[in-house]
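Participant: Below is one structure. I have some questions about it.
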There are 2 protein chains.
Amino acid sequence: MGRDKDKEKLAFNLKTPKGTKDWQGTDMILRDRIFSTITTVFKRHGAVTIDTPVFELREILAGKYGEDSKLIYDLQDQGGEICSLRYDLTVPFARWLAMNPAVQNIKRYHIAKVYRRDQPAMTKGRMREFYQCDFDIAGSYDKMLPDAEILRIICEVFEGLGWKENGSFMIKINHRGILDGVFEVCGVPKEKIRTISSAVDKLDKVSWEEVKKEMVEEKGLQEDVADKIWEFVQRKGGSEILETLKNDEELLANESMKRGVEDMGLLFEYLESFGIMDRVQFNLSLARGLDYYTGLIYEVVTEGSAPDNTTGQKLQRAAKRDKSNEFEEDRSNDPSVGVGSVAAGGRYDELVGMFSPKAQIPCVGISFGVDRIFSITKARMEKLKNTAPLRGNEVDVYVMAFGGKGFTGMVRERMDVCKILWDAGIKAEFSYKLKPKLPAQFKAADVNGVPFAVILGEDEEKAGKVKIKELGLPEGHPEKDGVMVDKANLVREVRSRLEQPGATDSVTASMDELVVEDTKTTGKTGDDGV
Amino acid sequence: MGRDKDKEKLAFNLKTPKGTKDWQGTDMILRDRIFSTITTVFKRHGAVTIDTPVFELREILAGKYGEDSKLIYDLQDQGGEICSLRYDLTVPFARWLAMNPAVQNIKRYHIAKVYRRDQPAMTKGRMREFYQCDFDIAGSYDKMLPDAEILRIICEVFEGLGWKENGSFMIKINHRGILDGVFEVCGVPKEKIRTISSAVDKLDKVSWEEVKKEMVEEKGLQEDVADKIWEFVQRKGGSEILETLKNDEELLANESMKRGVEDMGLLFEYLESFGIMDRVQFNLSLARGLDYYTGLIYEVVTEGSAPDNTTGQKLQRAAKRDKSNEFEEDRSNDPSVGVGSVAAGGRYDELVGMFSPKAQIPCVGISFGVDRIFSITKARMEKLKNTAPLRGNEVDVYVMAFGGKGFTGMVRERMDVCKILWDAGIKAEFSYKLKPKLPAQFKAADVNGVPFAVILGEDEEKAGKVKIKELGLPEGHPEKDGVMVDKANLVREVRSRLEQPGATDSVTASMDELVVEDTKTTGKTGDDGV
């Protein structure tokens, strides 16, 4: 009776919802590697993780995201509380801090999906469901110490992901105090500061002419004020930018500017200690959209594409020439740059207080856009020929059997051997066929790059022997045809082979090792180019 | 101007939505350990993971969960597609298989949150947002081979979690073919089979009298048919149950029964090879609610509480007496049993075909209820005095400084040392105070159980020396006051100490090692009790 039903056509499309996708195969493995690389860095700095629900009371999210609030996914009112899917991990973290006043300081990380009803752009890695990796330091501390450590963490993450070469990523930094100070000194009316700030933030995408037009024509700023702003916001570079601000008495008379300049002075000292000054670009046009930032802000950009592309070379050259402006201006032609920043964050000292005025806790944090990092890393690996391929699974031993006429398939014996290996914690598989053919068993092992076969035969079984064969050995290798061992010694024999360097490389290699060839190649290409 | 606003009271409760919670601290660490234990077992058997979106098109979920469909969370219609939060991980997996016809076989695991608008019962671990850990084998194979491996995986998971002692968990198994055969032979009309099956499934919670009343009075079954069913469904035990079925010619004449008996015969052979016969109870009253099961079904129950409780002892005794009935009947008094089964699953050969009739793929799988496993494990660990405490974070070295009058705080020097350690991949922290007091620094290290301190002093700094001190050493230990080393050798000196056995125990210990004391205690208590 069910049969007829089965033959009916489905009345709907078989798909995932718009802007979402399934993760599978080597993509999934690569994504997990990225997560584990990032988690390793977070833990190296003492972070612990917390996990919050995927939906929050709608009131928790209200009033936090400005006009982006329209992108929030709401749950249907099915009776009871009104909820929405989380939009980021920062607001839930602030809500958690407010709910747990006993926690006066914490370094927490959180890797989880967030939801935005945005127009999806799959090719640029913009999805409606996507992962964020957040690290935040909450607590009242001496100035700029946690901020400096966050920047250090950013560097460790990208270096851990294999972006080691000079100029392969750049952290643009600025300070809300400096930005506000500039606006005040230039004569922007107080009530226009945030909206003028948003206009400035667009300078990484559109020309000054367009930004100025927006300021003057749309937002009613006086033209001479706009021109004064331009004097400042085109400045970018290293500590010399700070020096020019420090030497400007008119600027320093502004309280907000003074605070920003002092903070940045301390920060540069600390970045020196942490050995990451060359990764940082002080960029006065960086403004960041979100309202809740109160101090240091930053954004990470990367060439994000093959080592031999133009932007990559320019980035390297720019880095060598001690932060020229060339980097910024030339990015627009590179399609990979379209993915935007790959990480961003800043200090937000007042967000927790929005939930609980008594529980005000200063915070500073960073959010890594893993889907974008994934897209870039994948493109990068695909261009490399000598990268170790990602394996389908992590099985170390495929247990197989073969025999001549009247071969029983030895299924119970294969199961026995698997049991022995599993009991010893060794990853092993066998064919779910009673009488599998030998080539089919080799193929099954090969598909997943399983490094070793344990081969049973009926005569060998009687003699208490099994054969261990390392798969993929070249012709002429002494163990090419396998080695016969006593079944009683099987675990020891397998283990000693698994422990040989290289035996399980592509499973155990770090991201860093996987893409290390890239760095070498880049080094060469870079030399040619300069 | 923001100040006045800050002082306003919040107009809403600061909380997570009903039936959801934040995970934090040692709970979070313990949960992650459970995940990683389970994942290790899954990978040992060749599993790979896939990740599906948290919401699906509503049509995908429709018609899969019977009357439980009312518990599905719907997203609000904000224009565009109509979606719902996933209710389990099995239906999304079947949808994925139907969408990926090139995948003809896969062992996949998926650890993720699912959503049910049920009445929450926090104490029993029943939440509206909760984790499931699923492992499924999809593909056309020889009979019962994947099924046997799933049962083996269940055993490895619970043993990996520390439930090693005899009788600490039990896998109840049955077969839909046998169950349907029993009903047919007893004379249940075809259209009543599923509803009578649901009634039988309640036998682990209510008495036969109540179940019979439901069958006869509510569901209109003849009383003598009900009585015949009772003859069968009270049977439980090992392979002897199968023998009685095999020897009953009337039963074997039923096609469905014949198929079931053959399957179970094969299964018992394979369980013998895998060495897990003593973990399994053939239980003819196990029926499982979901409609989509087509063959073997199973459910895992556990004493779930302290080794010295009554049920625990009875379970052990029952196990020793070769599966007596005592176990089942006496569970109702134990509060911990209220959590219900801790894992359940079965074979579902027709679910994928509901999405794509052409892509029919047989599947068999298991779903672990991690929240319940978590509750039981936590209760268990809390009762143990000699379990290594879970540490707050994983930091190995706290870098501190001290000095007398005019002490600068040595912040740059502390940062230098942290940089050296981080560069070497060593987990390290320092105080975010410019001039921290020494006791405060020791306390910060102590709170998280950090095993080592690296201590800087101004005189030592001049001499290029630092002190390494293992924290928590007993009085009189030769290194109690620390060891002075050359700063140049710091990494080597720290590493050699970290590599000593025991140095980072509670971070690196497996679940198994964490609860191993439990097994020992149980062994003793069990002996006393019998």
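If you're wondering about the labels, chains in the structure tokens are A, B, ... by order shown, residues count from 1 in each chain, ligands from 1 in order shown.
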Just need the residues of chain B within 6 Å of chain A, counting only C-alpha atoms, so spit them out as a PyMOL selection string.
Facilitator: chain B and resi 6+17+22-24+44-46+48+50-52+57+74-76+141-142+145+273-274+357+393+395+416+419+427-428+432-433
Participant: CA of Ile34 (chain A) to CA of Val370 (chain A): how many Å, to one decimal?
Facilitator: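 The value is 7.8 Å.
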Participant: Which residues, written as an MDAnalysis selection string, have at least one atom at most 8 Å from Met264 (chain B), with only C-alpha atoms counted and residues fewer than 3 positions away on the same chain left out?
Facilitator: chainID B and resid 175 242 260:261 267:268
Participant: Any chance you can output those residues with N, CA, C and O atoms as a PDB file, in the first residue's frame?
Facilitator:
```
ATOM      1  N   HIS B 175      13.235  -6.492  16.555  1.00  0.00           N
ATOM      2  CA  HIS B 175      13.205  -6.404  15.103  1.00  0.00           C
ATOM      3  C   HIS B 175      11.762  -6.126  14.685  1.00  0.00           C
ATOM      4  O   HIS B 175      10.849  -6.812  15.152  1.00  0.00           O
ATOM      5  N   LEU B 242      15.657 -16.288  20.794  1.00  0.00           N
ATOM      6  CA  LEU B 242      15.617 -16.545  19.357  1.00  0.00           C
ATOM      7  C   LEU B 242      15.348 -18.014  19.083  1.00  0.00           C
ATOM      8  O   LEU B 242      14.580 -18.352  18.170  1.00  0.00           O
ATOM      9  N   GLY B 260      12.661 -11.625  10.160  1.00  0.00           N
ATOM     10  CA  GLY B 260      13.197 -11.122  11.422  1.00  0.00           C
ATOM     11  C   GLY B 260      14.083 -12.139  12.122  1.00  0.00           C
ATOM     12  O   GLY B 260      15.170 -11.806  12.616  1.00  0.00           O
ATOM     13  N   VAL B 261      13.623 -13.385  12.140  1.00  0.00           N
ATOM     14  CA  VAL B 261      14.372 -14.437  12.828  1.00  0.00           C
ATOM     15  C   VAL B 261      15.709 -14.697  12.125  1.00  0.00           C
ATOM     16  O   VAL B 261      16.750 -14.847  12.769  1.00  0.00           O
ATOM     17  N   LEU B 267      22.717 -11.598  13.165  1.00  0.00           N
ATOM     18  CA  LEU B 267      23.196 -10.551  14.073  1.00  0.00           C
ATOM     19  C   LEU B 267      23.907 -11.153  15.282  1.00  0.00           C
ATOM     20  O   LEU B 267      25.001 -10.725  15.643  1.00  0.00           O
ATOM     21  N   PHE B 268      23.289 -12.170  15.887  1.00  0.00           N
ATOM     22  CA  PHE B 268      23.906 -12.755  17.085  1.00  0.00           C
ATOM     23  C   PHE B 268      25.283 -13.340  16.771  1.00  0.00           C
ATOM     24  O   PHE B 268      26.210 -13.234  17.579  1.00  0.00           O
TER      25      PHE B 268
END
```
Participant: So, counting only C-alpha atoms, which residue among A:Glu479, A:Asp291, A:Glu184, A:Glu191 is closest to Val225 (chain A)?
Facilitator: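 Ranked by minimum distance to Val225 (chain A), first place goes to A:Glu184.
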Participant: To one decimal place, how far is CA of Asp88 (chain A) from CA of Phe35 (chain A) in Å?
Facilitator: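 So the two atoms, CA of Asp88 (chain A) and CA of Phe35 (chain A), lie 17.3 Å apart.
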Participant: To one decimal place, how far is CA of Asp68 (chain A) from CA of Val300 (chain A) in Å?
Facilitator: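 These two atoms are separated by 21.6 Å.
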Participant: I'd like the contact shell of region 279-286 of chain A - 10 Å cut-off, only C-alpha atoms, skipping same-chain residues fewer than 3 positions apart - returned as a PyMOL selection string.
Facilitator: chain A and resi 151-152+154-155+166-176+178-179+182+197-204+229-230+232-242+264+268+271+275-276+289+297-300+319+322-324
Participant: Would you list, as a list in words, the residues of region 87-217 of chain B that end up in strand (DSSP E) under DSSP run on this structure's backbone?
Facilitator: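 So, restricting region 87-217 of chain B to strand (DSSP E), we get Ile106, Lys107, Arg108, Tyr109, His110, Ile111, Ala112, Lys113, Val114, Tyr115, Glu129, Phe130, Tyr131, Gln132, Cys133, Asp134, Phe135, Asp136, Ile137, Ala138, Phe169, Met170, Ile171, Lys172, Ile173, Asn174 and His175 of chain B.
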Participant: Write out as a PyMOL selection string the residues lying within 10 Å of Gly187 (chain B), counting only C-alpha atoms and excluding same-chain residues fewer than 6 positions away.
Facilitator: chain B and resi 181+193+221-222+224-226+228-229
